[in-house]
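Pasting final-v4.tsv here (TSV, C-alpha atoms and all ligand atoms):
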chain	number	residue	atom	x	y	z
A	1185	MET	CA	-105.61	-90.48	54.82
A	1186	GLU	CA	-102.69	-91.24	57.09
A	1187	VAL	CA	-99.73	-92.86	55.33
A	1188	ILE	CA	-97.06	-94.64	57.36
A	1189	VAL	CA	-93.85	-95.79	55.67
A	1190	ALA	CA	-91.82	-98.49	57.44
A	1191	LYS	CA	-88.41	-97.19	58.54
A	1192	SER	CA	-86.74	-100.38	57.33
A	1193	ALA	CA	-88.25	-100.22	53.82
A	1194	GLY	CA	-85.86	-100.40	50.88
A	1195	PHE	CA	-82.25	-101.31	50.13
A	1196	CYS	CA	-80.52	-103.35	52.78
A	1197	PHE	CA	-76.82	-103.06	53.48
A	1198	GLY	CA	-75.90	-106.06	51.29
A	1199	VAL	CA	-77.87	-104.91	48.24
A	1200	GLU	CA	-76.61	-101.35	48.60
A	1201	ARG	CA	-73.04	-102.65	48.68
A	1202	ALA	CA	-73.55	-104.89	45.61
A	1203	VAL	CA	-75.20	-102.12	43.57
A	1204	LYS	CA	-72.39	-99.73	44.55
A	1205	SER	CA	-69.80	-102.29	43.35
A	1206	ALA	CA	-71.58	-102.50	40.00
A	1207	TYR	CA	-71.66	-98.71	39.57
A	1208	ASP	CA	-68.00	-98.43	40.65
A	1209	GLU	CA	-66.97	-101.02	38.07
A	1210	ALA	CA	-69.20	-99.45	35.39
A	1211	GLY	CA	-66.97	-96.39	35.50
A	1212	ARG	CA	-63.92	-98.34	34.30
A	1213	GLU	CA	-63.05	-97.80	30.66
A	1214	ASN	CA	-61.91	-100.46	28.19
A	1215	GLU	CA	-63.14	-103.23	30.35
A	1216	LYS	CA	-66.03	-105.60	29.86
A	1217	ILE	CA	-68.10	-105.78	33.01
A	1218	TYR	CA	-70.66	-108.45	33.81
A	1219	THR	CA	-72.84	-109.46	36.71
A	1220	TYR	CA	-73.64	-113.13	37.21
A	1221	GLY	CA	-77.44	-112.85	37.26
A	1222	PRO	CA	-79.14	-109.46	37.76
A	1223	ILE	CA	-77.38	-107.54	40.54
A	1224	ILE	CA	-80.81	-106.89	42.07
A	1225	HIS	CA	-84.37	-107.78	41.09
A	1226	ASN	CA	-85.13	-104.35	39.83
A	1227	GLU	CA	-85.36	-103.54	36.15
A	1228	GLN	CA	-84.82	-99.79	36.52
A	1229	VAL	CA	-81.44	-100.40	38.10
A	1230	THR	CA	-80.36	-103.23	35.78
A	1231	ASN	CA	-81.42	-101.21	32.69
A	1232	ASP	CA	-79.45	-98.22	33.92
A	1233	LEU	CA	-76.40	-100.42	34.51
A	1234	ALA	CA	-76.79	-101.94	31.03
A	1235	LYS	CA	-76.64	-98.42	29.55
A	1236	LYS	CA	-73.36	-97.98	31.42
A	1237	GLY	CA	-71.99	-101.19	29.91
A	1238	VAL	CA	-72.69	-103.67	32.72
A	1239	ASN	CA	-74.23	-106.75	31.15
A	1240	ILE	CA	-75.92	-109.69	32.78
A	1241	ILE	CA	-74.67	-113.23	32.32
A	1242	ASN	CA	-77.42	-115.74	32.96
A	1243	SER	CA	-75.84	-119.14	32.54
A	1244	LEU	CA	-72.76	-121.04	33.59
A	1245	GLU	CA	-72.03	-121.83	29.94
A	1246	GLU	CA	-71.88	-118.13	29.12
A	1247	LEU	CA	-69.65	-117.60	32.11
A	1248	GLU	CA	-67.28	-120.37	31.08
A	1249	SER	CA	-66.96	-118.94	27.60
A	1250	LEU	CA	-65.51	-115.65	28.90
A	1251	ASP	CA	-61.77	-115.20	28.57
A	1252	SER	CA	-61.46	-111.63	29.83
A	1253	GLY	CA	-63.32	-108.91	31.71
A	1254	THR	CA	-64.69	-108.54	35.20
A	1255	VAL	CA	-67.55	-110.48	36.74
A	1256	ILE	CA	-69.36	-109.07	39.75
A	1257	MET	CA	-70.83	-111.63	42.11
A	1258	ARG	CA	-74.11	-110.40	43.49
A	1259	ALA	CA	-75.20	-110.32	47.13
A	1260	HIS	CA	-76.81	-113.82	46.89
A	1261	GLY	CA	-73.37	-115.41	46.42
A	1262	VAL	CA	-72.55	-118.52	44.40
A	1263	SER	CA	-71.42	-122.09	45.04
A	1264	LYS	CA	-67.74	-122.87	45.54
A	1265	SER	CA	-67.47	-124.58	42.15
A	1266	VAL	CA	-68.97	-121.60	40.33
A	1267	TYR	CA	-66.66	-119.27	42.24
A	1268	ASP	CA	-63.62	-121.34	41.30
A	1269	LYS	CA	-64.70	-121.50	37.66
A	1270	ILE	CA	-65.22	-117.76	37.38
A	1271	SER	CA	-61.99	-116.80	39.05
A	1272	LYS	CA	-59.95	-118.94	36.62
A	1273	ASN	CA	-60.49	-116.75	33.54
A	1274	VAL	CA	-61.67	-113.34	34.66
A	1275	LYS	CA	-61.30	-110.82	37.43
A	1276	VAL	CA	-63.89	-111.32	40.17
A	1277	VAL	CA	-65.45	-108.57	42.24
A	1278	ASP	CA	-67.08	-110.43	45.09
A	1279	ALA	CA	-70.15	-108.51	46.27
A	1280	THR	CA	-71.52	-111.53	48.16
A	1281	CYS	CA	-73.23	-110.15	51.25
A	1282	PRO	CA	-71.11	-110.89	54.34
A	1283	PHE	CA	-74.19	-112.47	55.97
A	1284	VAL	CA	-74.33	-114.97	53.09
A	1285	SER	CA	-70.55	-115.58	53.17
A	1286	LYS	CA	-70.94	-116.44	56.85
A	1287	ILE	CA	-73.43	-119.19	55.94
A	1288	HIS	CA	-71.00	-120.52	53.30
A	1289	ARG	CA	-68.31	-120.77	56.00
A	1290	ILE	CA	-70.61	-122.51	58.50
A	1291	VAL	CA	-71.86	-124.99	55.91
A	1292	ASN	CA	-68.36	-125.74	54.69
A	1293	GLU	CA	-66.94	-126.26	58.20
A	1294	GLU	CA	-69.86	-128.25	59.61
A	1295	SER	CA	-70.18	-130.52	56.59
A	1296	SER	CA	-66.41	-131.10	56.68
A	1297	LYS	CA	-66.98	-132.53	60.19
A	1298	GLY	CA	-69.43	-135.01	58.68
A	1299	LYS	CA	-72.68	-133.23	59.45
A	1300	HIS	CA	-75.50	-133.21	56.93
A	1301	ILE	CA	-76.79	-129.75	56.13
A	1302	ILE	CA	-80.41	-128.68	56.23
A	1303	ILE	CA	-81.14	-125.33	54.61
A	1304	ILE	CA	-84.47	-123.84	55.59
A	1305	GLY	CA	-85.29	-121.88	52.47
A	1306	ASN	CA	-86.67	-122.00	48.98
A	1307	ASP	CA	-85.12	-124.67	46.81
A	1308	GLY	CA	-83.94	-123.28	43.50
A	1309	HIS	CA	-83.41	-119.76	44.86
A	1310	PRO	CA	-79.91	-118.62	43.83
A	1311	GLU	CA	-78.85	-117.97	47.42
A	1312	VAL	CA	-79.90	-121.48	48.44
A	1313	GLU	CA	-78.18	-123.01	45.40
A	1314	GLY	CA	-75.02	-121.13	46.37
A	1315	ILE	CA	-75.19	-122.31	50.00
A	1316	LYS	CA	-75.67	-125.94	48.93
A	1317	GLY	CA	-72.53	-125.65	46.88
A	1318	TRP	CA	-70.31	-124.97	49.91
A	1319	ALA	CA	-71.24	-128.25	51.59
A	1320	VAL	CA	-68.96	-131.23	51.11
A	1321	GLY	CA	-71.64	-133.81	51.98
A	1322	LYS	CA	-75.40	-134.30	51.96
A	1323	THR	CA	-77.71	-131.29	51.86
A	1324	PHE	CA	-81.48	-130.99	52.22
A	1325	VAL	CA	-83.69	-128.00	51.54
A	1326	ILE	CA	-86.84	-127.59	53.60
A	1327	SER	CA	-89.32	-124.86	52.81
A	1328	SER	CA	-92.64	-125.97	54.30
A	1329	GLU	CA	-94.18	-127.79	57.26
A	1330	GLN	CA	-94.93	-130.65	54.90
A	1331	ASP	CA	-91.23	-130.91	53.94
A	1332	ALA	CA	-90.24	-130.82	57.61
A	1333	LEU	CA	-92.75	-133.52	58.57
A	1334	GLU	CA	-91.61	-135.76	55.72
A	1335	PHE	CA	-87.90	-135.20	56.38
A	1336	ALA	CA	-85.92	-138.35	57.12
A	1337	ASP	CA	-82.20	-139.00	57.17
A	1338	GLU	CA	-80.14	-142.09	57.97
A	1339	MET	CA	-80.12	-143.33	61.60
A	1340	GLY	CA	-77.58	-141.53	63.75
A	1341	ALA	CA	-77.01	-138.72	61.27
A	1342	SER	CA	-75.74	-135.43	62.68
A	1343	LEU	CA	-77.38	-132.36	61.26
A	1344	CYS	CA	-76.56	-128.70	61.00
A	1345	ILE	CA	-79.59	-126.53	60.28
A	1346	VAL	CA	-79.14	-123.08	58.73
A	1347	SER	CA	-81.51	-120.69	57.02
A	1348	GLN	CA	-81.73	-118.68	53.84
A	1349	THR	CA	-81.04	-115.08	54.96
A	1350	THR	CA	-84.48	-113.81	53.96
A	1351	PHE	CA	-86.62	-116.62	55.35
A	1352	ASN	CA	-89.67	-115.86	57.49
A	1353	VAL	CA	-88.40	-115.86	61.10
A	1354	LYS	CA	-91.52	-117.40	62.67
A	1355	LYS	CA	-91.69	-120.10	60.02
A	1356	PHE	CA	-87.99	-120.92	60.52
A	1357	HIS	CA	-88.55	-121.60	64.25
A	1358	LYS	CA	-91.64	-123.69	63.48
A	1359	LEU	CA	-89.80	-125.85	60.93
A	1360	VAL	CA	-86.80	-126.29	63.23
A	1361	GLU	CA	-89.13	-127.42	66.01
A	1362	ILE	CA	-90.64	-130.11	63.76
A	1363	ILE	CA	-87.22	-131.37	62.66
A	1364	GLU	CA	-85.79	-131.38	66.18
A	1365	LYS	CA	-88.62	-133.61	67.39
A	1366	LYS	CA	-87.32	-136.35	65.10
A	1367	GLY	CA	-84.46	-136.95	67.53
A	1368	TYR	CA	-81.42	-136.45	65.30
A	1369	ASN	CA	-78.33	-134.93	66.81
A	1370	SER	CA	-78.70	-131.44	65.43
A	1371	SER	CA	-77.19	-127.99	65.80
A	1372	VAL	CA	-79.14	-124.96	64.69
A	1373	VAL	CA	-77.74	-121.65	63.48
A	1374	ASN	CA	-80.29	-118.98	62.80
A	1375	THR	CA	-78.71	-117.29	59.79
A	1376	ILE	CA	-81.64	-115.07	58.90
A	1377	CYS	CA	-79.98	-111.69	58.53
A	1378	ASP	CA	-80.59	-108.84	60.90
A	1379	ALA	CA	-81.90	-106.53	58.18
A	1380	THR	CA	-84.49	-109.16	57.24
A	1381	SER	CA	-85.62	-109.83	60.83
A	1382	LYS	CA	-86.07	-106.12	61.49
A	1383	ARG	CA	-87.86	-105.48	58.21
A	1384	GLN	CA	-90.23	-108.41	58.74
A	1385	ALA	CA	-91.01	-107.51	62.36
A	1386	GLU	CA	-91.70	-103.88	61.47
A	1387	ALA	CA	-93.82	-104.83	58.44
A	1388	GLY	CA	-95.92	-107.25	60.52
A	1389	GLN	CA	-96.48	-104.69	63.28
A	1390	LEU	CA	-97.38	-101.98	60.80
A	1391	ALA	CA	-99.74	-104.24	58.84
A	1392	SER	CA	-101.59	-105.12	62.04
A	1393	ARG	CA	-102.64	-101.50	62.65
A	1394	VAL	CA	-103.49	-100.19	59.18
A	1395	ASP	CA	-106.53	-100.55	56.91
A	1396	ALA	CA	-104.44	-101.43	53.86
A	1397	MET	CA	-100.81	-102.37	53.39
A	1398	ILE	CA	-98.72	-101.84	50.28
A	1399	VAL	CA	-95.58	-103.91	49.73
A	1400	VAL	CA	-93.35	-102.47	47.01
A	1401	GLY	CA	-90.93	-104.84	45.33
A	1402	GLY	CA	-90.12	-107.19	42.48
A	1403	VAL	CA	-92.40	-110.18	41.94
A	1404	HIS	CA	-89.29	-112.38	41.65
A	1405	SER	CA	-87.78	-111.06	44.86
A	1406	SER	CA	-87.91	-113.68	47.57
A	1407	ASN	CA	-87.69	-111.24	50.48
A	1408	THR	CA	-90.50	-109.15	48.99
A	1409	GLN	CA	-92.70	-112.23	48.71
A	1410	LYS	CA	-92.02	-113.05	52.37
A	1411	LEU	CA	-92.95	-109.50	53.38
A	1412	TYR	CA	-96.16	-109.83	51.43
A	1413	GLU	CA	-97.00	-113.14	53.23
A	1414	ILE	CA	-96.31	-111.60	56.65
A	1415	CYS	CA	-98.38	-108.49	55.96
A	1416	LYS	CA	-101.22	-110.46	54.38
A	1417	ASN	CA	-101.48	-112.52	57.57
A	1418	GLU	CA	-102.04	-109.33	59.55
A	1419	CYS	CA	-104.04	-107.29	57.04
A	1420	SER	CA	-106.30	-108.82	54.40
A	1421	LYS	CA	-106.01	-105.71	52.22
A	1422	THR	CA	-102.32	-106.21	51.48
A	1423	TYR	CA	-101.11	-105.54	47.93
A	1424	LEU	CA	-97.80	-106.32	46.28
A	1425	ILE	CA	-96.89	-103.79	43.61
A	1426	GLN	CA	-93.73	-103.29	41.56
A	1427	THR	CA	-94.20	-99.59	40.83
A	1428	VAL	CA	-96.80	-96.88	41.34
A	1429	ASP	CA	-98.40	-97.92	38.01
A	1430	ASP	CA	-99.67	-101.14	39.62
A	1431	LEU	CA	-101.57	-99.23	42.27
A	1432	GLN	CA	-105.29	-99.10	41.61
A	1433	ASP	CA	-107.75	-96.82	43.33
A	1434	PHE	CA	-110.05	-99.60	44.55
A	1435	MET	CA	-107.18	-100.99	46.65
A	1436	LEU	CA	-107.26	-98.05	49.03
A	1437	ALA	CA	-110.92	-97.01	48.77
A	1438	GLY	CA	-112.46	-96.31	52.17
A	1439	CYS	CA	-109.14	-96.66	54.04
A	1440	ASN	CA	-108.08	-94.19	56.73
A	1441	VAL	CA	-104.61	-95.49	57.47
A	1442	VAL	CA	-102.29	-97.05	54.88
A	1443	GLY	CA	-98.92	-98.67	55.54
A	1444	ILE	CA	-96.08	-98.98	53.04
A	1445	THR	CA	-93.02	-101.20	53.15
A	1446	ALA	CA	-90.57	-102.31	50.48
A	1447	GLY	CA	-88.26	-105.22	49.73
A	1448	ALA	CA	-84.49	-105.14	50.10
A	1449	SER	CA	-83.97	-104.54	46.38
A	1450	THR	CA	-86.47	-101.72	45.96
A	1451	PRO	CA	-84.81	-98.36	45.31
A	1452	ASN	CA	-86.05	-95.54	47.55
A	1453	ASN	CA	-87.28	-93.42	44.66
A	1454	ILE	CA	-89.84	-96.10	43.71
A	1455	THR	CA	-91.18	-96.25	47.27
A	1456	GLU	CA	-91.25	-92.45	47.38
A	1457	GLU	CA	-93.28	-92.31	44.16
A	1458	VAL	CA	-95.83	-94.67	45.70
A	1459	GLN	CA	-95.94	-92.67	48.90
A	1460	ASN	CA	-96.36	-89.35	47.07
A	1461	TYR	CA	-99.09	-90.75	44.85
A	1462	VAL	CA	-101.09	-92.09	47.81
A	1463	ARG	CA	-100.76	-88.82	49.72
A	1464	ARG	CA	-101.79	-86.76	46.67
A	1465	LYS	CA	-104.62	-88.93	45.49
A	1466	PHE	CA	-106.39	-89.85	48.72
B	1	LIG	FE1	-77.38	-109.23	53.00
B	1	LIG	FE2	-79.57	-109.48	54.44
B	1	LIG	FE3	-79.53	-107.82	52.42
B	1	LIG	FE4	-79.51	-110.42	51.95
B	1	LIG	S1	-81.16	-109.25	52.90
B	1	LIG	S2	-78.23	-108.93	50.98
B	1	LIG	S3	-78.29	-111.13	53.66
B	1	LIG	S4	-78.29	-107.66	54.30
Serialized structure, C-alpha cells:
Amino acid sequence: MEVIVAKSAGFCFGVERAVKSAYDEAGRENEKIYTYGPIIHNEQVTNDLAKKGVNIINSLEELESLDSGTVIMRAHGVSKSVYDKISKNVKVVDATCPFVSKIHRIVNEESSKGKHIIIIGNDGHPEVEGIKGWAVGKTFVISSEQDALEFADEMGASLCIVSQTTFNVKKFHKLVEIIEKKGYNSSVVNTICDATSKRQAEAGQLASRVDAMIVVGGVHSSNTQKLYEICKNECSKTYLIQTVDDLQDFMLAGCNVVGITAGASTPNNITEEVQNYVRRKF
C-alpha cells in the first residue's frame, strides 16, 4: 500500500508558539501557571503540561478568583474584557496567534468607525467569542448558507466581514457572495490564516487521488473538523481519528493508496504512529 502524508500536516506556527510558551513557563519554580482553556485540543500535551504544574482554568469565575500566578493566553485569543480582567490580578503571557490578533485589530478599528461586524465562523467557538469581544458595536456570526440567506441588518448599515482563521476557504467565499448580493455597503477581509489555507488545499488535493483518507486530530478541534469535511467531499472513505487506536482494519481494506493529514493541534508523534501502523499492517 502506498501511504502519502500531507506536508502541511500537524502543528501550525501559532499552536507551536503557544505550546512552547506553556513549556517555557512550566520550567519556572515557585510560580503557579495556568492556561485559560486547554492550550491545544490534545490530551497528551495537556496531561504532560499538568504533570509539569500547568493547570487549566475553564471559567471566567475561576480566572477572577486568582490573585497571583501567571496565565497563558492560548492561540485562539480572548475578548478585550477578558484580557483586561486577567491582566489586573496576574501576569499574562499572551500566546494569541498573531493572525488572530490581526483580526482583533481590524474588528476594533472598523467597528470604531461605526461598521457592523460579520464573522464568518462557528458561533460559540472560543476564537469567534474572542473576536466578537473586540468589536465596539453590533456583531453577527454566520456559519452556513442558511445563516447568510437569512441575514438582515438595518437599512444603510455598513458592514465589515472577517473570518475565523480556520474556516473553510471555499465556503467563506460562497457565504460572502450571498451577503454581498444583499446590497449593503460592505468591506471584506479574508482573515483565514495562511497555514489553514495551505493545509486545506493540500488535504483536498490529496483526498481526491487516494482510496482512503485519514484525518488525525481532536474531535473538538475546529480546524480538524473542517479538514475532515473537505476530505470527505473528495473521498468517501475519509476517517477522522484521534490516535492510532481509533484506526480499524476495515477502514483501509482493499485500498492501494492512503492519504494522511492532521489538524493544527496534532503533535507529529501521533501522526507518525498512525503512518507507521498503516505501513506495517497493510
Ligand atoms: Fe495561528 Fe493559523 Fe495556527 Fe490558528 S491555525 S493558531 S491562526 S497559524
Surrounding residues as an NGL selection string, ligand LIG 1 (chain B), max 9 Å, all atoms listed in the file: :A and (1195-1202 or 1258-1260 or 1280-1285 or 1311 or 1348-1350 or 1375-1381 or 1407 or 1447-1449)
All residues 7 Å or closer to A:Cys1419, all atoms listed in the file, same chain fewer than 6 positions away omitted, as a list in words: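 In the requested format, the answer is Ala1391, Ser1392, Ala1396 and Met1397 of chain A.
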Exercise: A:Val1325 partners within 8 Å, all atoms listed in the file, chain neighbours under 2 positions left out, as a list of chain:residue names: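 My reading of the contact set: A:Ile1302, A:Ile1303, A:Ile1304, A:Gly1305, A:Asn1306, A:Asp1307, A:Thr1323, A:Ser1327.
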Which of A:Ile1363, A:Leu1343, A:Ile1241, A:Val1187 sits closest to A:Gln1330 [using all atoms listed in the file]: A:Ile1363
Residues within 9 Å of stretch 1334-1340 of chain A, all atoms listed in the file, excluding chain neighbours under 4 positions, as number ranges by chain: A: 1300, 1324, 1326, 1329-1330, 1363, 1366, 1368-1369
Neighbours of point (-85.9, -124.8, 63.3) within 10 Å, using all atoms listed in the file, written as a list of chain:residue names: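 Those residues lying close to the given coordinates are A:Ile1302, A:Ile1303, A:Ile1304, A:Ala1332, A:Ile1345, A:Val1346, A:Ser1347, A:Val1353, A:Lys1354, A:Lys1355, A:Phe1356, A:His1357, A:Lys1358, A:Leu1359, A:Val1360, A:Glu1361, A:Ile1362, A:Ile1363, A:Glu1364, A:Ser1371, A:Val1372, A:Val1373, A:Asn1374.
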Atom pair atom CA of A:Ile1224 / atom CA of A:Asn1453: separation (Å):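 Distance reported for this atom pair: 15.2 Å.
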Output as a CSV table (one decimal), keeping the file's coordinate frame: stretch 1412-1435 of chain A, completed with N, CA and C atoms.
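Output (rebuild.csv):
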chain,number,residue,atom,x,y,z
A,1412,TYR,N,-94.8,-109.8,51.8
A,1412,TYR,CA,-96.2,-109.8,51.4
A,1412,TYR,C,-96.9,-110.9,52.3
A,1413,GLU,N,-96.4,-112.1,52.4
A,1413,GLU,CA,-97.0,-113.1,53.2
A,1413,GLU,C,-97.2,-112.7,54.7
A,1414,ILE,N,-96.2,-112.1,55.3
A,1414,ILE,CA,-96.3,-111.6,56.6
A,1414,ILE,C,-97.4,-110.5,56.8
A,1415,CYS,N,-97.4,-109.6,55.9
A,1415,CYS,CA,-98.4,-108.5,56.0
A,1415,CYS,C,-99.8,-109.0,55.7
A,1416,LYS,N,-99.9,-109.9,54.7
A,1416,LYS,CA,-101.2,-110.5,54.4
A,1416,LYS,C,-101.9,-111.2,55.6
A,1417,ASN,N,-101.0,-111.8,56.4
A,1417,ASN,CA,-101.5,-112.5,57.6
A,1417,ASN,C,-102.1,-111.6,58.6
A,1418,GLU,N,-101.6,-110.3,58.6
A,1418,GLU,CA,-102.0,-109.3,59.6
A,1418,GLU,C,-103.1,-108.4,59.0
A,1419,CYS,N,-103.1,-108.3,57.7
A,1419,CYS,CA,-104.0,-107.3,57.0
A,1419,CYS,C,-104.5,-107.9,55.7
A,1420,SER,N,-105.8,-108.1,55.6
A,1420,SER,CA,-106.3,-108.8,54.4
A,1420,SER,C,-106.2,-107.9,53.2
A,1421,LYS,N,-106.2,-106.6,53.4
A,1421,LYS,CA,-106.0,-105.7,52.2
A,1421,LYS,C,-104.5,-105.4,52.0
A,1422,THR,N,-103.7,-106.4,51.8
A,1422,THR,CA,-102.3,-106.2,51.5
A,1422,THR,C,-102.1,-106.4,50.0
A,1423,TYR,N,-101.3,-105.5,49.4
A,1423,TYR,CA,-101.1,-105.5,47.9
A,1423,TYR,C,-99.6,-105.5,47.6
A,1424,LEU,N,-99.2,-106.3,46.7
A,1424,LEU,CA,-97.8,-106.3,46.3
A,1424,LEU,C,-97.7,-105.6,44.9
A,1425,ILE,N,-97.0,-104.5,44.9
A,1425,ILE,CA,-96.9,-103.8,43.6
A,1425,ILE,C,-95.4,-103.6,43.3
A,1426,GLN,N,-95.1,-103.5,42.0
A,1426,GLN,CA,-93.7,-103.3,41.6
A,1426,GLN,C,-93.4,-101.8,41.5
A,1427,THR,N,-94.4,-101.0,40.9
A,1427,THR,CA,-94.2,-99.6,40.8
A,1427,THR,C,-95.6,-98.9,41.1
A,1428,VAL,N,-95.6,-97.6,41.1
A,1428,VAL,CA,-96.8,-96.9,41.3
A,1428,VAL,C,-97.9,-97.2,40.3
A,1429,ASP,N,-97.4,-97.6,39.1
A,1429,ASP,CA,-98.4,-97.9,38.0
A,1429,ASP,C,-99.3,-99.1,38.3
A,1430,ASP,N,-98.9,-100.0,39.3
A,1430,ASP,CA,-99.7,-101.1,39.6
A,1430,ASP,C,-100.7,-100.8,40.7
A,1431,LEU,N,-100.6,-99.6,41.2
A,1431,LEU,CA,-101.6,-99.2,42.3
A,1431,LEU,C,-102.9,-98.8,41.7
A,1432,GLN,N,-104.0,-99.5,42.1
A,1432,GLN,CA,-105.3,-99.1,41.6
A,1432,GLN,C,-106.2,-98.5,42.7
A,1433,ASP,N,-107.0,-97.6,42.3
A,1433,ASP,CA,-107.8,-96.8,43.3
A,1433,ASP,C,-108.6,-97.7,44.3
A,1434,PHE,N,-109.2,-98.8,43.7
A,1434,PHE,CA,-110.0,-99.6,44.6
A,1434,PHE,C,-109.3,-100.2,45.8
A,1435,MET,N,-108.0,-100.4,45.6
A,1435,MET,CA,-107.2,-101.0,46.6
A,1435,MET,C,-107.2,-100.2,48.0
